[in-house]
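Student: What follows is a structure written as structure tokens; I'll ask about it next.
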Amino acid sequence: MAQRKLQKRSRKVGLSPGTLLVEAGEGQSTMRVIGYGPNELEEQVISGVSELQRQLALQPVVWLNVEGVPSEATLRELGTAFSIHPLALEDIVNHSQRPKVETYGSQLFVVVRMVTEKVKLVETEQVSMVLGRGYLLTFQAGQPGDCFGPVRERIEKASGPIRTAGADYLCYALLDAIVDAWFPHLDEYCERLEALETLVLAGPSHSRMKDIRAIRWDLLKLLRVMRPLRDVVSELRSDRSELVAEDTRIYLRDCHDHALRIIEEAEMYLDIGTSLMELYLSSVSMKTNEIMRVLTVISAIFIPLTFVVGVYGMNFDTQIPGNMPELKQPYGYVVAMSAMLLAAVTMAVYFRRRGWLGLPREDLDERG
Amino acid sequence: MAQRKLQKRSRKVGLSPGTLLVEAGEGQSTMRVIGYGPNELEEQVISGVSELQRQLALQPVVWLNVEGVPSEATLRELGTAFSIHPLALEDIVNHSQRPKVETYGSQLFVVVRMVTEKVKLVETEQVSMVLGRGYLLTFQAGQPGDCFGPVRERIEKASGPIRTAGADYLCYALLDAIVDAWFPHLDEYCERLEALETLVLAGPSHSRMKDIRAIRWDLLKLLRVMRPLRDVVSELRSDRSELVAEDTRIYLRDCHDHALRIIEEAEMYLDIGTSLMELYLSSVSMKTNEIMRVLTVISAIFIPLTFVVGVYGMNFDTQIPGNMPELKQPYGYVVAMSAMLLAAVTMAVYFRRRGWLGLPREDLDERG
Amino acid sequence: MAQRKLQKRSRKVGLSPGTLLVEAGEGQSTMRVIGYGPNELEEQVISGVSELQRQLALQPVVWLNVEGVPSEATLRELGTAFSIHPLALEDIVNHSQRPKVETYGSQLFVVVRMVTEKVKLVETEQVSMVLGRGYLLTFQAGQPGDCFGPVRERIEKASGPIRTAGADYLCYALLDAIVDAWFPHLDEYCERLEALETLVLAGPSHSRMKDIRAIRWDLLKLLRVMRPLRDVVSELRSDRSELVAEDTRIYLRDCHDHALRIIEEAEMYLDIGTSLMELYLSSVSMKTNEIMRVLTVISAIFIPLTFVVGVYGMNFDTQIPGNMPELKQPYGYVVAMSAMLLAAVTMAVYFRRRGWLGLPREDLDERG
Amino acid sequence: MAQRKLQKRSRKVGLSPGTLLVEAGEGQSTMRVIGYGPNELEEQVISGVSELQRQLALQPVVWLNVEGVPSEATLRELGTAFSIHPLALEDIVNHSQRPKVETYGSQLFVVVRMVTEKVKLVETEQVSMVLGRGYLLTFQAGQPGDCFGPVRERIEKASGPIRTAGADYLCYALLDAIVDAWFPHLDEYCERLEALETLVLAGPSHSRMKDIRAIRWDLLKLLRVMRPLRDVVSELRSDRSELVAEDTRIYLRDCHDHALRIIEEAEMYLDIGTSLMELYLSSVSMKTNEIMRVLTVISAIFIPLTFVVGVYGMNFDTQIPGNMPELKQPYGYVVAMSAMLLAAVTMAVYFRRRGWLGLPREDLDERG
Amino acid sequence: MAQRKLQKRSRKVGLSPGTLLVEAGEGQSTMRVIGYGPNELEEQVISGVSELQRQLALQPVVWLNVEGVPSEATLRELGTAFSIHPLALEDIVNHSQRPKVETYGSQLFVVVRMVTEKVKLVETEQVSMVLGRGYLLTFQAGQPGDCFGPVRERIEKASGPIRTAGADYLCYALLDAIVDAWFPHLDEYCERLEALETLVLAGPSHSRMKDIRAIRWDLLKLLRVMRPLRDVVSELRSDRSELVAEDTRIYLRDCHDHALRIIEEAEMYLDIGTSLMELYLSSVSMKTNEIMRVLTVISAIFIPLTFVVGVYGMNFDTQIPGNMPELKQPYGYVVAMSAMLLAAVTMAVYFRRRGWLGLPREDLDERG
């Protein structure tokens, strides 16, 4: 399981910066444009950059969403049309950037990571955004599918201020969707931790340990993505450029708060994970202690008795005086057995008093 | 137990900001207004916002306390009457905000968390406050019941400067009540930790471990609430708006100090918890060591002796020369038994010297 | 022991700030005034505030030291005479404040904690100071007795610059005495840690563990008091008010340095404590290992031999062909015993080579 | 292995600063100059500094790369020709500098560490750079071979902006190459950690522990080199001198980002290492527990039975009344054996119910 | 050993600041003056302060080095002659100051700690410096002997810029010598850690644990001295006074870098120490596991067999039908022995498959 978590990079060491190295199997992308304003709305799938020009001229806000990795030609065309900096273009192709905001002239270039919906395995894909006056370009690196559905719906239904606000508000709305998409995952971690606690209390097992590790691991990955994402939102909020309107800043403050909450909850779950690990190790320790207790009690009772019966199994010649007269005693056998029973009972009582014959099961069961 | 601690969120992922999603089973609330000034005092339960207008015009300070979640209609009405920002309205409905202060125009919006009185389980509920010139709106999210009783009493009895001061002082008084409500809980943790220490010293048990974890857990939750609460008080203290009077700032400094003290004590108790955990694990370790010692002493004494008696239990034919002449020796049995006794005593003395036959119980009992 | 360490608060939750709640058994105090200047010195015990007025008029510096908790009436009188802020008055009565400096108008209000001389148990008591132009009021909350003796002596003997300097220098001198009073305690911790190390190396015991915990605990408490105390000194040093003269600031820098040294030493002793704990746990672990080694060596040698003698104790009918012919062999017994001896020696040599028959005692003894 | 990791210094304690102490076996170096501009390119190996003068006059950018430690004479000559500060010269010879940037008049002096290609052992060598107007001197301290190949190729092929940019861009390109050279190593750590996790899960072994330690150790070394390297890039980015052009700063921002990513990944791998260590220790603990369980179950079943058969091996005289009548009972043997079988089965069922006879192997195998 | 590490203070609690309390056995000192300039050099041992005046007038730089603690009279004389602040004088006598820089008027007062050459035990002694225009006073608190030899030599041989530079350069040169004197000690720690790693891998032993602790302890002490020393150098570098020339600041930057490197290496060695401790504890844990495995395998094989031979040692009367017919079977003995052999082999194979009969020694030996 862990293997898949450790993302491989295919860095192009030593290449000139700005080189666009589209990897094999990539270069296939869908470009979908939504142009809108208070009263207009136009949505289409385009195949070339030229088709964009008309919409840019007509509609207040144009959102070009590129799903998948575009071919180098398309990228260069977009780069020219929107005068995107070569380093930004390189970052769009290079899918292992850490979240960041950069200002290139009158454009803001934002890289964040979006959670994708895989079962039991949190994966993230890079989303690069180029925010300019009147347009927003978004590039989704991974598999088709995103968490922008509700935003598209709000544009279509003109719900909330989205249709009257600018491209900066759209950028905020997408960031907010990306941040909020983490909440269901956090809830899932919460449930899995609860289930694990019940299992760990029921008895330590090696697979529990692995589950705890897996969750902590996922949370560490989440924090690695969310902490710079929070900084991205925070930087956008305090950006000095005129690209982000004053009103949008208030909304970004809210988004920043959500990111903060996700980080704090993730840190709390990490703490729970550590605490579970301690509980687990303490369980193993108690269990070993308990096993040792059983072994010791049984050994302590029977080993001395076995010695005693061994004594009466010796073959000393009872004809010769002084040699094992007990063996010829009437009822010697009954006396010996009774003495041994007495010794065993004494031992058992002693161990019980020391608490070694407690009912450790009960102790485990009293939870609930 | 842990389940209930991990609060579920019902986030409305992707909804437009400002959406008020009142959950099923909510929408029932009681609105109680207290309007007061140096010489006047009027208290009533209102059902509609319109009834507020008169008091706002007449009395220097109007405190509207909403208990429970109001219906969307009521909220919108309040929002319009007091021109509350949509994001603030959303935060009032959304009960899992982290404590924060936000400035919306000439209003301060404060979110904090108040401890509620549940036995053996610390729960918190969100309290949202809207502070404006001459009025304070408070929204309590959870069950009926709060810790504002003494503040109400001070208003009624006009004790202290509360009747002559403004809405900002009322806001401070409520924050102070919320902060101080944690002190009895801290005292309780202190007592439970003391009790636990006594129990852990009496003997390790799995349920002790769980109790320690539960307390540490509660303290972590407390810190998660108190740290941003301290920041809230600190921000209010240094707020540049004119809503908070200079005199109130001095009082807030005091409140900040209390919050700091609660945080430091909670951190101290956390440290005690960690220390108890170490004591616990060390106890288990010592206990296992002690058990092993008993097992080893008994085995080391009796296993060799059992071998010896086994030797004399062998059936070599004593008629044939060289085969076990001891068995035919007069008093061979007595000699063998004496030799074995001597060996056992020697062993016991040796172990006693090594300290393996100490009285570990005593060691545990010397505390007190 | 631990119980007494966890200080109980008797917070007056929800009371109006500035309320002076003198607890039962309190309200008894001694007020001693020392008024001095370069050429004058007058010391007396007063019972009312009015007697102070004369001295304030005549002498350059007046130091009023209140030991024990004054009655509410006296406090209010003092409050009026020196125009002390209600919050400061409240803090004087409330004995669990954390060290702090606060400016109220032209007064500085300082709260610190002074170590009191209890055997084997570090206790602190609150000392509140009100520093004004020409006077210093000090309030000692706990039992009679303080560490100000040397300062009083210096005033009486006019040694050093104390008689020519102002009230700010007196305040520094008292703070310095409070800080320096910790040094002998640190020395004591140092000695106790050394003694403990010797004991832990001599053999792990549960009571060692408790001693280590007790010391770490005391050190944590010390740090909780000293860190804000250092901040108090640091704030006084950089205070912008004119109450603290430039010369006194140089002395406060020295005092700050001492506080820093105490904190660093306490942190070092904490580290030693942790290190001792590790040594202790490692000792237990090694001890268990050693015990297991003894058990295993004895079992591994004697259990197989016991099996062998058991074989020759079987009752197969030696008359019937093929059944245990060894038993009828001349000197079969001697051969069998020799073979067993050989096996035992071989085992012992093998275990010795593996280092399981070492002399672990020696290993422990080589220290020194 | 560890020995070689701990680098020996041969500090010249107490020597005058600026002393150039070339060590025995050093003093052999190759000096290769590349002079280039938009339209020109000249590359040669030189043996004396004088040959440089011509190129410096003719070509816009001159890159002198010195591989190996030059003789003191050569160094002094270079020092004079380029007016390098004595302290910078000393640092060039002294190979254990930590990465840093220093400004000496109109020159920037940069020290970084470059990873060298050794199998299974990350070694770094010092690279010192002197950046002046129109020239860049680089000194590689270690073995021949570097990671600058791709940069040289870009100069030769004039790919990217390198030929038109200044010496500052060359400096950036080399730093970027040094930073990016770490990525393949990180990938290797990632693979080794994955392999180790599989091995640790298959069963704990002492050599696993050592492998984990080795990787963590390498990562700590990497971080010790990368953190100041990041600071170097960051300082160059914000340098106030005119040596670094505005355009180059944008590229340095990118390089800074790469350094940050390497640091974050290394920290993540460190965390995985710690987590593996925990898994390892937990494995050992579980394994011991499992072994104890087997021992206890076998002992608990057979030790009591051995006692019982010992009883019937006693030699009490069955002729005498009351002595072991069972031995003469018809089918007494069958009854005894059946009773023992029953007891053994009962014990086994009991242990199975307690989970001590589980199939722990299975538990381990369920991974995958 | 540990005792000597924990330095005793003899604080003069409550004394007036500036009191010079020369301890018994002190008050003996040697004062050596070196006066020098570009062309002059005069060195002498003086006994009184008056002899200094001539040199101060004649030579550009006068270095007075006081070894041992001077008598109070001498100190006061020096204090008057150089107008040293009383607090600085007190700090010179008080030997447990933490490193610091302080400005008193036109003088800089520096306190640092110098390592002294004791075998296997790092001790430090306080060096106080008073830097004024044209003179430097140094006070060495401890035993005779220092690390200033190379600096004196450079003065005598006029090597480097020392003779032409001012007293500030001399101060730098001494600080540099003090910092660099730590490098050989670090090398020694490195070697001891390497040796320890080899020993720990060869087998855990209690004395290893103590050695690791001792090294970590020394490193903690080193860091306690070096961290404030680094701050001292850093403060001198950025000092605003005119006492430190611009050129000297560049040299101090270099010295600062060395201090940083020492701190980083010490921190690395601390990490190695922690890692060794983990290796050690893991070794003990693995060793116990291995011992348990041997015990369990032997017990599991022989305890059931012993039971079987016990069965055939029972004395059931074989005359009576149904009682142990096996005993009368021809070759029953051979059959029984073969069956037991088979069982033992089966067990051994089973344990081997589970990996419990591995060759753990080999595992340990594969290192190297």
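Residues in the structure tokens are numbered from 1 in each chain, the chains being A, B, ... in the order shown, and ligands are numbered from 1 in the order shown.
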Set the distance at 12 Å and use only C-alpha atoms: which residues neighbour Gln55 in chain C once local chain neighbours fewer than 6 positions away are removed? I'd like the list as a list in words.
Tutor: Val33, Ile34, Gly35, Tyr36, Gly37, Glu40, Leu41, Glu42, Glu43, Gln44, Ile46, Val49, Val61, Val62, Trp63, Leu64, Gly134 and Tyr135 of chain C
Student: Store the residues picked out above, limited to N, CA and C atoms, as a PDB file, in the first residue's frame.
Tutor:
```pdb
ATOM      1  N   VAL C  33       6.642  49.867  57.612  1.00  0.00           N
ATOM      2  CA  VAL C  33       7.098  50.926  56.707  1.00  0.00           C
ATOM      3  C   VAL C  33       8.559  51.222  56.969  1.00  0.00           C
ATOM      4  N   ILE C  34       9.314  51.322  55.909  1.00  0.00           N
ATOM      5  CA  ILE C  34      10.680  51.842  56.023  1.00  0.00           C
ATOM      6  C   ILE C  34      10.763  53.055  55.113  1.00  0.00           C
ATOM      7  N   GLY C  35      11.030  54.179  55.703  1.00  0.00           N
ATOM      8  CA  GLY C  35      11.239  55.385  54.905  1.00  0.00           C
ATOM      9  C   GLY C  35      12.712  55.743  54.990  1.00  0.00           C
ATOM     10  N   TYR C  36      13.319  56.026  53.827  1.00  0.00           N
ATOM     11  CA  TYR C  36      14.743  56.337  53.914  1.00  0.00           C
ATOM     12  C   TYR C  36      15.158  57.303  52.814  1.00  0.00           C
ATOM     13  N   GLY C  37      16.299  57.885  53.039  1.00  0.00           N
ATOM     14  CA  GLY C  37      16.904  58.757  52.048  1.00  0.00           C
ATOM     15  C   GLY C  37      18.393  58.723  52.307  1.00  0.00           C
ATOM     16  N   GLU C  40      18.517  59.901  55.989  1.00  0.00           N
ATOM     17  CA  GLU C  40      17.502  59.579  57.001  1.00  0.00           C
ATOM     18  C   GLU C  40      17.087  58.117  56.880  1.00  0.00           C
ATOM     19  N   LEU C  41      16.531  57.587  57.959  1.00  0.00           N
ATOM     20  CA  LEU C  41      16.048  56.214  57.972  1.00  0.00           C
ATOM     21  C   LEU C  41      15.052  56.090  59.092  1.00  0.00           C
ATOM     22  N   GLU C  42      13.837  55.664  58.768  1.00  0.00           N
ATOM     23  CA  GLU C  42      12.827  55.501  59.804  1.00  0.00           C
ATOM     24  C   GLU C  42      12.044  54.234  59.520  1.00  0.00           C
ATOM     25  N   GLU C  43      11.928  53.387  60.527  1.00  0.00           N
ATOM     26  CA  GLU C  43      11.246  52.117  60.322  1.00  0.00           C
ATOM     27  C   GLU C  43      10.190  51.965  61.402  1.00  0.00           C
ATOM     28  N   GLN C  44       8.972  51.571  61.038  1.00  0.00           N
ATOM     29  CA  GLN C  44       7.946  51.352  62.046  1.00  0.00           C
ATOM     30  C   GLN C  44       6.878  50.417  61.510  1.00  0.00           C
ATOM     31  N   ILE C  46       2.977  50.006  61.257  1.00  0.00           N
ATOM     32  CA  ILE C  46       1.813  50.881  61.348  1.00  0.00           C
ATOM     33  C   ILE C  46       0.554  50.033  61.341  1.00  0.00           C
ATOM     34  N   VAL C  49      -3.479  53.442  57.464  1.00  0.00           N
ATOM     35  CA  VAL C  49      -2.846  54.067  56.313  1.00  0.00           C
ATOM     36  C   VAL C  49      -2.465  55.508  56.618  1.00  0.00           C
ATOM     37  N   VAL C  61      12.202  57.921  49.811  1.00  0.00           N
ATOM     38  CA  VAL C  61      11.651  56.622  49.416  1.00  0.00           C
ATOM     39  C   VAL C  61      10.923  56.015  50.600  1.00  0.00           C
ATOM     40  N   VAL C  62       9.681  55.594  50.367  1.00  0.00           N
ATOM     41  CA  VAL C  62       8.916  54.925  51.416  1.00  0.00           C
ATOM     42  C   VAL C  62       8.549  53.530  50.926  1.00  0.00           C
ATOM     43  N   TRP C  63       8.947  52.531  51.730  1.00  0.00           N
ATOM     44  CA  TRP C  63       8.628  51.143  51.364  1.00  0.00           C
ATOM     45  C   TRP C  63       7.659  50.580  52.375  1.00  0.00           C
ATOM     46  N   LEU C  64       6.419  50.320  51.918  1.00  0.00           N
ATOM     47  CA  LEU C  64       5.429  49.690  52.776  1.00  0.00           C
ATOM     48  C   LEU C  64       5.353  48.216  52.419  1.00  0.00           C
ATOM     49  N   GLY C 134       8.435  57.668  44.396  1.00  0.00           N
ATOM     50  CA  GLY C 134       8.791  57.861  45.795  1.00  0.00           C
ATOM     51  C   GLY C 134       8.290  56.793  46.743  1.00  0.00           C
ATOM     52  N   TYR C 135       7.549  55.847  46.267  1.00  0.00           N
ATOM     53  CA  TYR C 135       7.082  54.792  47.185  1.00  0.00           C
ATOM     54  C   TYR C 135       7.025  53.442  46.467  1.00  0.00           C
TER      55      TYR C 135
END
```
Student: Any idea what's packed within 8 Å of range 274-279 of chain D, counting only C-alpha atoms, ignoring anything in its chain fewer than 3 positions away? Could you give it as a PyMOL selection string?
Tutor: (chain A and resi 209-210+213) or (chain D and resi 197+200+209+212+270-271+282-283)
Student: Check the smallest atom-to-atom distance from each of E:Phe302, E:Tyr104, E:Phe148, E:Phe307 to chain A using only C-alpha atoms, then report the winner.
Tutor: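 Selected residue with least distance to chain A: E:Phe307.
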Student: Go through C:Pro17, C:Arg98, C:Ala336, C:Leu75 one by one, measure the shortest atom-to-atom distance of each to Val311 in chain B using only C-alpha atoms, and give the residue with the smallest value.
Tutor: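 Closest to Val311 in chain B of all the choices is C:Ala336.
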Student: Residues near Pro150 in chain B, anyone? I mean within 12 Å using only C-alpha atoms, not counting same-chain ones fewer than 3 positions away, as a ChimeraX atom specification.
Tutor: /B:146-147,153-160,162,173-174,176-178,180-181 /C:12-17
Student: Restricted to N, CA and C atoms, what would the selected residues look like written as an mmCIF file, in the first residue's frame?
Tutor:
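The result, written out as out-v7.cif:
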```cif
data_model
loop_
_atom_site.group_PDB
_atom_site.id
_atom_site.type_symbol
_atom_site.label_atom_id
_atom_site.label_comp_id
_atom_site.auth_asym_id
_atom_site.auth_seq_id
_atom_site.Cartn_x
_atom_site.Cartn_y
_atom_site.Cartn_z
ATOM 1 N N ASP B 146 -26.489 28.387 30.080
ATOM 2 C CA ASP B 146 -25.210 29.023 29.779
ATOM 3 C C ASP B 146 -24.541 29.433 31.080
ATOM 4 N N CYS B 147 -23.407 30.098 30.964
ATOM 5 C CA CYS B 147 -22.681 30.522 32.169
ATOM 6 C C CYS B 147 -22.783 32.029 32.349
ATOM 7 N N GLU B 153 -27.125 38.849 36.636
ATOM 8 C CA GLU B 153 -27.373 39.319 37.990
ATOM 9 C C GLU B 153 -26.722 40.681 38.229
ATOM 10 N N ARG B 154 -25.481 40.817 37.719
ATOM 11 C CA ARG B 154 -24.800 42.095 37.903
ATOM 12 C C ARG B 154 -25.542 43.208 37.192
ATOM 13 N N ILE B 155 -26.122 42.903 36.022
ATOM 14 C CA ILE B 155 -26.908 43.927 35.323
ATOM 15 C C ILE B 155 -28.113 44.292 36.169
ATOM 16 N N GLU B 156 -28.787 43.260 36.698
ATOM 17 C CA GLU B 156 -30.009 43.531 37.463
ATOM 18 C C GLU B 156 -29.705 44.304 38.738
ATOM 19 N N LYS B 157 -28.631 43.893 39.427
ATOM 20 C CA LYS B 157 -28.307 44.556 40.687
ATOM 21 C C LYS B 157 -27.445 45.792 40.486
ATOM 22 N N ALA B 158 -27.110 46.084 39.222
ATOM 23 C CA ALA B 158 -26.260 47.238 38.913
ATOM 24 C C ALA B 158 -24.972 47.209 39.708
ATOM 25 N N SER B 159 -24.443 46.012 39.942
ATOM 26 C CA SER B 159 -23.198 45.929 40.711
ATOM 27 C C SER B 159 -22.015 46.122 39.768
ATOM 28 N N GLY B 160 -21.029 46.847 40.215
ATOM 29 C CA GLY B 160 -19.879 47.130 39.374
ATOM 30 C C GLY B 160 -20.246 48.148 38.317
ATOM 31 N N ILE B 162 -21.070 47.860 35.290
ATOM 32 C CA ILE B 162 -21.695 47.317 34.080
ATOM 33 C C ILE B 162 -22.823 48.196 33.557
ATOM 34 N N ALA B 173 -17.620 41.266 29.656
ATOM 35 C CA ALA B 173 -18.128 40.541 30.821
ATOM 36 C C ALA B 173 -18.513 39.116 30.418
ATOM 37 N N LEU B 174 -19.136 38.983 29.247
ATOM 38 C CA LEU B 174 -19.533 37.651 28.798
ATOM 39 C C LEU B 174 -18.296 36.798 28.473
ATOM 40 N N ASP B 176 -15.391 37.109 29.744
ATOM 41 C CA ASP B 176 -14.753 36.775 31.017
ATOM 42 C C ASP B 176 -15.484 35.607 31.683
ATOM 43 N N ALA B 177 -16.824 35.628 31.615
ATOM 44 C CA ALA B 177 -17.606 34.534 32.200
ATOM 45 C C ALA B 177 -17.278 33.222 31.485
ATOM 46 N N ILE B 178 -17.132 33.296 30.152
ATOM 47 C CA ILE B 178 -16.834 32.091 29.379
ATOM 48 C C ILE B 178 -15.459 31.555 29.763
ATOM 49 N N ASP B 180 -13.760 32.137 32.597
ATOM 50 C CA ASP B 180 -13.715 31.693 33.994
ATOM 51 C C ASP B 180 -14.474 30.388 34.212
ATOM 52 N N ALA B 181 -15.425 30.089 33.316
ATOM 53 C CA ALA B 181 -16.200 28.855 33.468
ATOM 54 C C ALA B 181 -15.307 27.616 33.335
ATOM 55 N N LYS C 12 -13.477 33.122 41.900
ATOM 56 C CA LYS C 12 -14.810 33.665 42.129
ATOM 57 C C LYS C 12 -15.445 33.870 40.767
ATOM 58 N N VAL C 13 -15.844 32.763 40.176
ATOM 59 C CA VAL C 13 -16.331 32.792 38.800
ATOM 60 C C VAL C 13 -17.508 33.746 38.631
ATOM 61 N N GLY C 14 -17.402 34.616 37.667
ATOM 62 C CA GLY C 14 -18.530 35.451 37.299
ATOM 63 C C GLY C 14 -18.696 36.700 38.129
ATOM 64 N N LEU C 15 -17.852 36.884 39.147
ATOM 65 C CA LEU C 15 -17.976 38.101 39.942
ATOM 66 C C LEU C 15 -17.537 39.305 39.124
ATOM 67 N N SER C 16 -18.029 40.441 39.510
ATOM 68 C CA SER C 16 -17.629 41.668 38.841
ATOM 69 C C SER C 16 -16.125 41.869 39.050
ATOM 70 N N PRO C 17 -15.392 42.299 38.023
ATOM 71 C CA PRO C 17 -13.963 42.507 38.214
ATOM 72 C C PRO C 17 -13.737 43.618 39.229
#
```
Student: Near chain C, which residues of chain A fall within 10 Å when you count only C-alpha atoms, and what do they look like as an MDAnalysis selection string?
Tutor: chainID A and resid 310 313:315
Student: How about saving the chosen residues, N, CA and C atoms kept, as a compact mmCIF listing (two decimals), in the first residue's frame?
Tutor:
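Generated output (selection.txt):
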```txt
# COMPACT_ATOMS: atom_id res chain seq x y z
N GLY A 310 8.65 -36.98 41.82
CA GLY A 310 9.90 -37.56 41.35
C GLY A 310 10.65 -38.23 42.49
N GLY A 313 9.42 -41.47 43.19
CA GLY A 313 9.64 -42.38 42.07
C GLY A 313 11.06 -42.94 42.06
N MET A 314 11.89 -42.48 43.01
CA MET A 314 13.27 -42.98 43.06
C MET A 314 13.29 -44.44 43.49
N ASN A 315 14.30 -45.12 42.96
CA ASN A 315 14.34 -46.56 43.17
C ASN A 315 15.25 -47.00 44.32
```
Student: For Ile84 in chain B, list every protein, DNA or RNA residue within 12 Å, evaluated using only C-alpha atoms, and leave out those in the same chain fewer than 3 positions away; present the list as a PyMOL selection string.
Tutor: chain B and resi 18+75-81+87-92+102-109+129-132+137
Student: I need the chosen residues saved as an mmCIF file, in the first residue's frame, with C-alpha atoms.
Tutor:
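Written output follows (again_2.cif):
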```cif
data_model
loop_
_atom_site.group_PDB
_atom_site.id
_atom_site.type_symbol
_atom_site.label_atom_id
_atom_site.label_comp_id
_atom_site.auth_asym_id
_atom_site.auth_seq_id
_atom_site.Cartn_x
_atom_site.Cartn_y
_atom_site.Cartn_z
ATOM 1 C CA GLY B 18 -23.500 33.079 2.878
ATOM 2 C CA LEU B 75 -31.927 35.187 10.961
ATOM 3 C CA ARG B 76 -32.446 37.046 7.716
ATOM 4 C CA GLU B 77 -34.653 39.536 9.512
ATOM 5 C CA LEU B 78 -31.942 40.094 12.138
ATOM 6 C CA GLY B 79 -29.367 40.299 9.366
ATOM 7 C CA THR B 80 -31.293 43.067 7.706
ATOM 8 C CA ALA B 81 -32.150 44.943 10.900
ATOM 9 C CA LEU B 87 -20.569 35.460 5.985
ATOM 10 C CA ALA B 88 -21.176 36.284 9.639
ATOM 11 C CA LEU B 89 -24.755 35.019 9.351
ATOM 12 C CA GLU B 90 -23.433 31.788 7.830
ATOM 13 C CA ASP B 91 -20.948 31.374 10.678
ATOM 14 C CA ILE B 92 -23.743 31.804 13.224
ATOM 15 C CA GLU B 102 -13.723 39.688 12.451
ATOM 16 C CA THR B 103 -14.456 43.266 11.572
ATOM 17 C CA TYR B 104 -17.337 43.909 9.184
ATOM 18 C CA GLY B 105 -17.656 47.624 8.628
ATOM 19 C CA SER B 106 -18.586 49.148 11.984
ATOM 20 C CA GLN B 107 -19.394 45.823 13.598
ATOM 21 C CA LEU B 108 -17.224 43.294 15.385
ATOM 22 C CA PHE B 109 -18.153 39.666 14.907
ATOM 23 C CA MET B 129 -21.476 37.683 19.192
ATOM 24 C CA VAL B 130 -22.215 40.716 17.065
ATOM 25 C CA LEU B 131 -21.027 43.885 18.758
ATOM 26 C CA GLY B 132 -22.264 47.188 17.396
ATOM 27 C CA LEU B 137 -26.312 40.166 19.858
#
```
Student: Mind checking DSSP for range 175-243 of chain B and telling me the alpha helix (DSSP H) residues as an MDAnalysis selection string?
Tutor: chainID B and resid 175:180 183:202 206:237
Student: So how far away is CA of Ala245 in chain D from CA of Pro60 in chain D, in Å?
Tutor: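 Going from CA of Pro60 in chain D over to CA of Ala245 in chain D covers 14.8 Å.
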Student: Any idea what the distance is between CA of Val101 in chain E and CA of Pro70 in chain E?
Tutor: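 Computed distance, CA of Val101 in chain E to CA of Pro70 in chain E, equals 21.7 Å.
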Student: To one decimal place, how far is CA of Gly203 in chain A from CA of Glu265 in chain A in Å?
Tutor: 27.3 Å
Student: List the spatial neighbours of Arg230 in chain A as a list in words - criterion: any atom at most 10 Å away, only C-alpha atoms, same-chain residues fewer than 5 positions off excluded.
Tutor: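 In the requested form, the answer reads Pro99, Lys100, Val112, Val179, Val225, Glu235, Leu236, Cys255, His256, Asp257, His258, Ala259, Leu260, Ile262 and Ile263 of chain A.
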Student: Name all residues at most 10 Å from Gly332 in chain C (count only C-alpha atoms; drop same-chain ones fewer than 6 positions away) and give them as a compact mmCIF listing (two decimals) with C-alpha atoms, in the first residue's frame.
Tutor:
```txt
# COMPACT_ATOMS: atom_id res chain seq x y z
CA PHE B 316 19.32 -49.63 35.56
CA ASP B 317 19.68 -53.13 36.82
CA ILE B 320 24.82 -55.75 37.30
CA PRO B 321 28.04 -54.25 38.61
CA GLY B 322 28.63 -50.49 38.26
CA ASN B 323 24.92 -49.71 37.96
CA MET B 324 23.66 -47.23 40.53
CA PRO C 325 19.03 -53.39 26.70
CA GLU C 326 21.12 -50.47 28.10
CA SER C 338 29.03 -39.37 31.78
```
